[in-house]
$ cat coords_21.cif   # mmCIF, N, CA and C atoms
data_my_file
#
loop_
_atom_site.group_PDB
_atom_site.id
_atom_site.type_symbol
_atom_site.label_atom_id
_atom_site.label_comp_id
_atom_site.auth_asym_id
_atom_site.auth_seq_id
_atom_site.Cartn_x
_atom_site.Cartn_y
_atom_site.Cartn_z
ATOM 1 N N MET A 1 80.966 27.193 61.502
ATOM 2 C CA MET A 1 79.922 26.803 60.558
ATOM 3 C C MET A 1 78.828 26.073 61.335
ATOM 4 N N SER A 2 77.595 26.407 61.056
ATOM 5 C CA SER A 2 76.497 25.785 61.785
ATOM 6 C C SER A 2 76.234 24.372 61.279
ATOM 7 N N GLN A 3 75.492 23.619 62.063
ATOM 8 C CA GLN A 3 75.143 22.248 61.690
ATOM 9 C C GLN A 3 74.318 22.253 60.402
ATOM 10 N N ARG A 4 73.435 23.220 60.251
ATOM 11 C CA ARG A 4 72.620 23.302 59.036
ATOM 12 C C ARG A 4 73.488 23.511 57.813
ATOM 13 N N GLN A 5 74.496 24.353 57.916
ATOM 14 C CA GLN A 5 75.374 24.589 56.785
ATOM 15 C C GLN A 5 76.176 23.336 56.447
ATOM 16 N N ASP A 6 76.556 22.560 57.453
ATOM 17 C CA ASP A 6 77.295 21.323 57.219
ATOM 18 C C ASP A 6 76.452 20.305 56.466
ATOM 19 N N GLN A 7 75.158 20.298 56.666
ATOM 20 C CA GLN A 7 74.298 19.272 56.106
ATOM 21 C C GLN A 7 73.779 19.614 54.713
ATOM 22 N N THR A 8 73.997 20.816 54.255
ATOM 23 C CA THR A 8 73.439 21.193 52.970
ATOM 24 C C THR A 8 74.168 20.505 51.833
ATOM 25 N N SER A 9 73.396 20.147 50.822
ATOM 26 C CA SER A 9 73.971 19.468 49.662
ATOM 27 C C SER A 9 73.715 20.265 48.390
ATOM 28 N N GLY A 10 73.464 21.547 48.528
ATOM 29 C CA GLY A 10 73.141 22.354 47.370
ATOM 30 C C GLY A 10 71.647 22.404 47.093
ATOM 31 N N GLU A 11 70.872 21.540 47.708
ATOM 32 C CA GLU A 11 69.416 21.525 47.569
ATOM 33 C C GLU A 11 68.828 22.528 48.557
ATOM 34 N N PRO A 12 67.781 23.237 48.152
ATOM 35 C CA PRO A 12 67.122 24.127 49.115
ATOM 36 C C PRO A 12 66.589 23.333 50.303
ATOM 37 N N ALA A 13 66.835 23.829 51.490
ATOM 38 C CA ALA A 13 66.347 23.215 52.736
ATOM 39 C C ALA A 13 66.722 21.741 52.846
ATOM 40 N N SER A 14 67.917 21.396 52.417
ATOM 41 C CA SER A 14 68.343 19.995 52.455
ATOM 42 C C SER A 14 68.469 19.458 53.883
ATOM 43 N N TYR A 15 68.537 20.342 54.857
ATOM 44 C CA TYR A 15 68.628 19.924 56.248
ATOM 45 C C TYR A 15 67.296 19.402 56.791
ATOM 46 N N LEU A 16 66.198 19.618 56.067
ATOM 47 C CA LEU A 16 64.894 19.122 56.502
ATOM 48 C C LEU A 16 64.780 17.635 56.185
ATOM 49 N N GLU A 17 64.313 16.897 57.147
ATOM 50 C CA GLU A 17 64.127 15.466 56.941
ATOM 51 C C GLU A 17 62.782 15.223 56.287
ATOM 52 N N MET A 18 62.802 14.727 55.051
ATOM 53 C CA MET A 18 61.578 14.396 54.337
ATOM 54 C C MET A 18 61.894 13.326 53.311
ATOM 55 N N THR A 19 60.852 12.609 52.937
ATOM 56 C CA THR A 19 61.039 11.552 51.954
ATOM 57 C C THR A 19 61.305 12.172 50.589
ATOM 58 N N LYS A 20 61.782 11.359 49.666
ATOM 59 C CA LYS A 20 62.039 11.843 48.307
ATOM 60 C C LYS A 20 60.750 12.363 47.680
ATOM 61 N N GLU A 21 59.647 11.656 47.907
ATOM 62 C CA GLU A 21 58.355 12.080 47.361
ATOM 63 C C GLU A 21 57.929 13.427 47.936
ATOM 64 N N GLN A 22 58.096 13.619 49.237
ATOM 65 C CA GLN A 22 57.741 14.893 49.854
ATOM 66 C C GLN A 22 58.600 16.021 49.288
ATOM 67 N N ARG A 23 59.892 15.758 49.102
ATOM 68 C CA ARG A 23 60.789 16.781 48.560
ATOM 69 C C ARG A 23 60.386 17.148 47.130
ATOM 70 N N GLU A 24 60.050 16.146 46.323
ATOM 71 C CA GLU A 24 59.608 16.408 44.949
ATOM 72 C C GLU A 24 58.307 17.215 44.940
ATOM 73 N N ASN A 25 57.382 16.865 45.822
ATOM 74 C CA ASN A 25 56.121 17.615 45.919
ATOM 75 C C ASN A 25 56.365 19.056 46.352
ATOM 76 N N ALA A 26 57.277 19.253 47.295
ATOM 77 C CA ALA A 26 57.592 20.601 47.763
ATOM 78 C C ALA A 26 58.207 21.427 46.636
ATOM 79 N N LYS A 27 59.085 20.817 45.851
ATOM 80 C CA LYS A 27 59.692 21.528 44.725
ATOM 81 C C LYS A 27 58.639 21.910 43.684
ATOM 82 N N ALA A 28 57.734 20.995 43.395
ATOM 83 C CA ALA A 28 56.678 21.273 42.419
ATOM 84 C C ALA A 28 55.778 22.404 42.916
ATOM 85 N N HIS A 29 55.455 22.383 44.198
ATOM 86 C CA HIS A 29 54.609 23.425 44.774
ATOM 87 C C HIS A 29 55.311 24.778 44.715
ATOM 88 N N ALA A 30 56.586 24.801 45.043
ATOM 89 C CA ALA A 30 57.355 26.047 44.986
ATOM 90 C C ALA A 30 57.417 26.576 43.554
ATOM 91 N N ALA A 31 57.554 25.689 42.581
ATOM 92 C CA ALA A 31 57.588 26.119 41.181
ATOM 93 C C ALA A 31 56.252 26.727 40.763
ATOM 94 N N LEU A 32 55.150 26.139 41.207
ATOM 95 C CA LEU A 32 53.825 26.694 40.908
ATOM 96 C C LEU A 32 53.655 28.079 41.522
ATOM 97 N N LEU A 33 54.058 28.211 42.779
ATOM 98 C CA LEU A 33 53.944 29.510 43.450
ATOM 99 C C LEU A 33 54.809 30.560 42.767
ATOM 100 N N SER A 34 56.008 30.178 42.381
ATOM 101 C CA SER A 34 56.920 31.102 41.719
ATOM 102 C C SER A 34 56.353 31.557 40.379
ATOM 103 N N GLY A 35 55.810 30.628 39.623
ATOM 104 C CA GLY A 35 55.217 30.972 38.334
ATOM 105 C C GLY A 35 54.029 31.897 38.477
ATOM 106 N N THR A 36 53.181 31.618 39.461
ATOM 107 C CA THR A 36 52.012 32.469 39.702
ATOM 108 C C THR A 36 52.437 33.866 40.123
ATOM 109 N N ALA A 37 53.413 33.951 41.009
ATOM 110 C CA ALA A 37 53.905 35.258 41.459
ATOM 111 C C ALA A 37 54.498 36.044 40.294
ATOM 112 N N ALA A 38 55.205 35.378 39.408
ATOM 113 C CA ALA A 38 55.788 36.061 38.248
ATOM 114 C C ALA A 38 54.701 36.598 37.330
ATOM 115 N N ARG A 39 53.667 35.800 37.075
ATOM 116 C CA ARG A 39 52.575 36.258 36.214
ATOM 117 C C ARG A 39 51.851 37.447 36.836
ATOM 118 N N VAL A 40 51.604 37.384 38.124
ATOM 119 C CA VAL A 40 50.917 38.486 38.806
ATOM 120 C C VAL A 40 51.770 39.750 38.728
ATOM 121 N N ALA A 41 53.059 39.627 38.944
ATOM 122 C CA ALA A 41 53.950 40.791 38.909
ATOM 123 C C ALA A 41 53.960 41.440 37.527
ATOM 124 N N VAL A 42 53.910 40.628 36.479
ATOM 125 C CA VAL A 42 53.917 41.160 35.114
ATOM 126 C C VAL A 42 52.599 41.855 34.794
ATOM 127 N N GLU A 43 51.501 41.329 35.303
ATOM 128 C CA GLU A 43 50.179 41.861 34.977
ATOM 129 C C GLU A 43 49.815 43.131 35.747
ATOM 130 N N LEU A 44 50.389 43.316 36.916
ATOM 131 C CA LEU A 44 50.044 44.502 37.713
ATOM 132 C C LEU A 44 50.642 45.761 37.103
ATOM 133 N N PRO A 45 49.947 46.877 37.226
ATOM 134 C CA PRO A 45 50.520 48.131 36.728
ATOM 135 C C PRO A 45 51.716 48.554 37.588
ATOM 136 N N LEU A 46 52.559 49.397 37.033
ATOM 137 C CA LEU A 46 53.750 49.848 37.758
ATOM 138 C C LEU A 46 53.402 50.595 39.040
ATOM 139 N N THR A 47 52.197 51.139 39.117
ATOM 140 C CA THR A 47 51.792 51.892 40.305
ATOM 141 C C THR A 47 51.310 50.977 41.435
ATOM 142 N N ALA A 48 51.225 49.691 41.189
ATOM 143 C CA ALA A 48 50.743 48.755 42.214
ATOM 144 C C ALA A 48 51.747 48.683 43.360
ATOM 145 N N ASP A 49 51.207 48.495 44.554
ATOM 146 C CA ASP A 49 52.091 48.338 45.715
ATOM 147 C C ASP A 49 52.020 46.890 46.210
ATOM 148 N N VAL A 50 52.702 46.627 47.285
ATOM 149 C CA VAL A 50 52.780 45.259 47.795
ATOM 150 C C VAL A 50 51.413 44.727 48.215
ATOM 151 N N ASP A 51 50.546 45.599 48.697
ATOM 152 C CA ASP A 51 49.201 45.157 49.079
ATOM 153 C C ASP A 51 48.402 44.710 47.857
ATOM 154 N N ASP A 52 48.561 45.433 46.745
ATOM 155 C CA ASP A 52 47.904 45.012 45.501
ATOM 156 C C ASP A 52 48.423 43.629 45.075
ATOM 157 N N PHE A 53 49.731 43.470 45.145
ATOM 158 C CA PHE A 53 50.341 42.195 44.771
ATOM 159 C C PHE A 53 49.795 41.060 45.636
ATOM 160 N N ARG A 54 49.763 41.264 46.938
ATOM 161 C CA ARG A 54 49.256 40.235 47.855
ATOM 162 C C ARG A 54 47.795 39.897 47.567
ATOM 163 N N ARG A 55 46.992 40.920 47.324
ATOM 164 C CA ARG A 55 45.568 40.706 47.066
ATOM 165 C C ARG A 55 45.363 39.876 45.799
ATOM 166 N N VAL A 56 46.038 40.237 44.722
ATOM 167 C CA VAL A 56 45.880 39.527 43.458
ATOM 168 C C VAL A 56 46.456 38.113 43.576
ATOM 169 N N LEU A 57 47.591 37.993 44.224
ATOM 170 C CA LEU A 57 48.204 36.664 44.395
ATOM 171 C C LEU A 57 47.302 35.746 45.210
ATOM 172 N N ALA A 58 46.704 36.259 46.271
ATOM 173 C CA ALA A 58 45.793 35.446 47.081
ATOM 174 C C ALA A 58 44.558 35.048 46.288
ATOM 175 N N ALA A 59 44.054 35.949 45.461
ATOM 176 C CA ALA A 59 42.891 35.634 44.634
ATOM 177 C C ALA A 59 43.229 34.539 43.621
ATOM 178 N N ARG A 60 44.419 34.605 43.044
ATOM 179 C CA ARG A 60 44.854 33.578 42.100
ATOM 180 C C ARG A 60 45.025 32.231 42.793
ATOM 181 N N ALA A 61 45.566 32.238 43.990
ATOM 182 C CA ALA A 61 45.814 30.999 44.721
ATOM 183 C C ALA A 61 44.497 30.319 45.099
ATOM 184 N N ALA A 62 43.444 31.107 45.277
ATOM 185 C CA ALA A 62 42.156 30.562 45.674
ATOM 186 C C ALA A 62 41.417 29.900 44.502
ATOM 187 N N ARG A 63 41.867 30.144 43.303
ATOM 188 C CA ARG A 63 41.207 29.568 42.117
ATOM 189 C C ARG A 63 41.404 28.093 42.027
#
$ encode --input "coords_21.cif" --output "structure tokens"
Amino acid sequence: MSQRQDQTSGEPASYLEMTKEQRENAKAHAALLSGTAARVAVELPLTADVDDFRRVLAARAAR
């Protein structure tokens, strides 16, 4: 078992050293990105490819 696996506590990337505030901010940011990606995926037509997804996601992130 690797050292990283030994240090995990069930939290994503728990092996990273960061303050509680930084960890909370990272979680909030990940939740925002996940929500945006989900909305973009729902709005794109079925014929869209990964490049379409990236383009729309980047445009949304720039707003």
$ select_by_dssp --input "coords_21.cif" --residues "chain A" --states "alpha helix (DSSP H)" --output "VMD selection string"
chain A and resid 3 to 7 20 to 43 50 to 61
$ atom_distance --input "coords_21.cif" --atom1 "atom CA of Arg60 of chain A" --atom2 "atom CA of Ala37 of chain A"
9.2 Å
$ axis_aligned_box --input "coords_21.cif" --around "segment 37-51 of chain A" --padding-each-side "8 Å" --output "AutoDock Vina command-line options"
--center_x 52.1 --center_y 42.9 --center_z 41.9 --size_x 23.4 --size_y 33.9 --size_z 30.3
$ atom_distance --input "coords_21.cif" --atom1 "atom CA of Val56 of chain A" --atom2 "atom CA of Val40 of chain A"
6.9 Å
$ residues_near_point --input "coords_21.cif" --point "(53.7, 41.5, 39.4)" --cutoff "12 Å" --atoms "only C-alpha atoms" --output "MDAnalysis selection string"
chainID A and resid 34:57
$ atom_distance --input "coords_21.cif" --atom1 "atom N of Arg23 of chain A" --atom2 "atom N of Ala59 of chain A"
25.9 Å
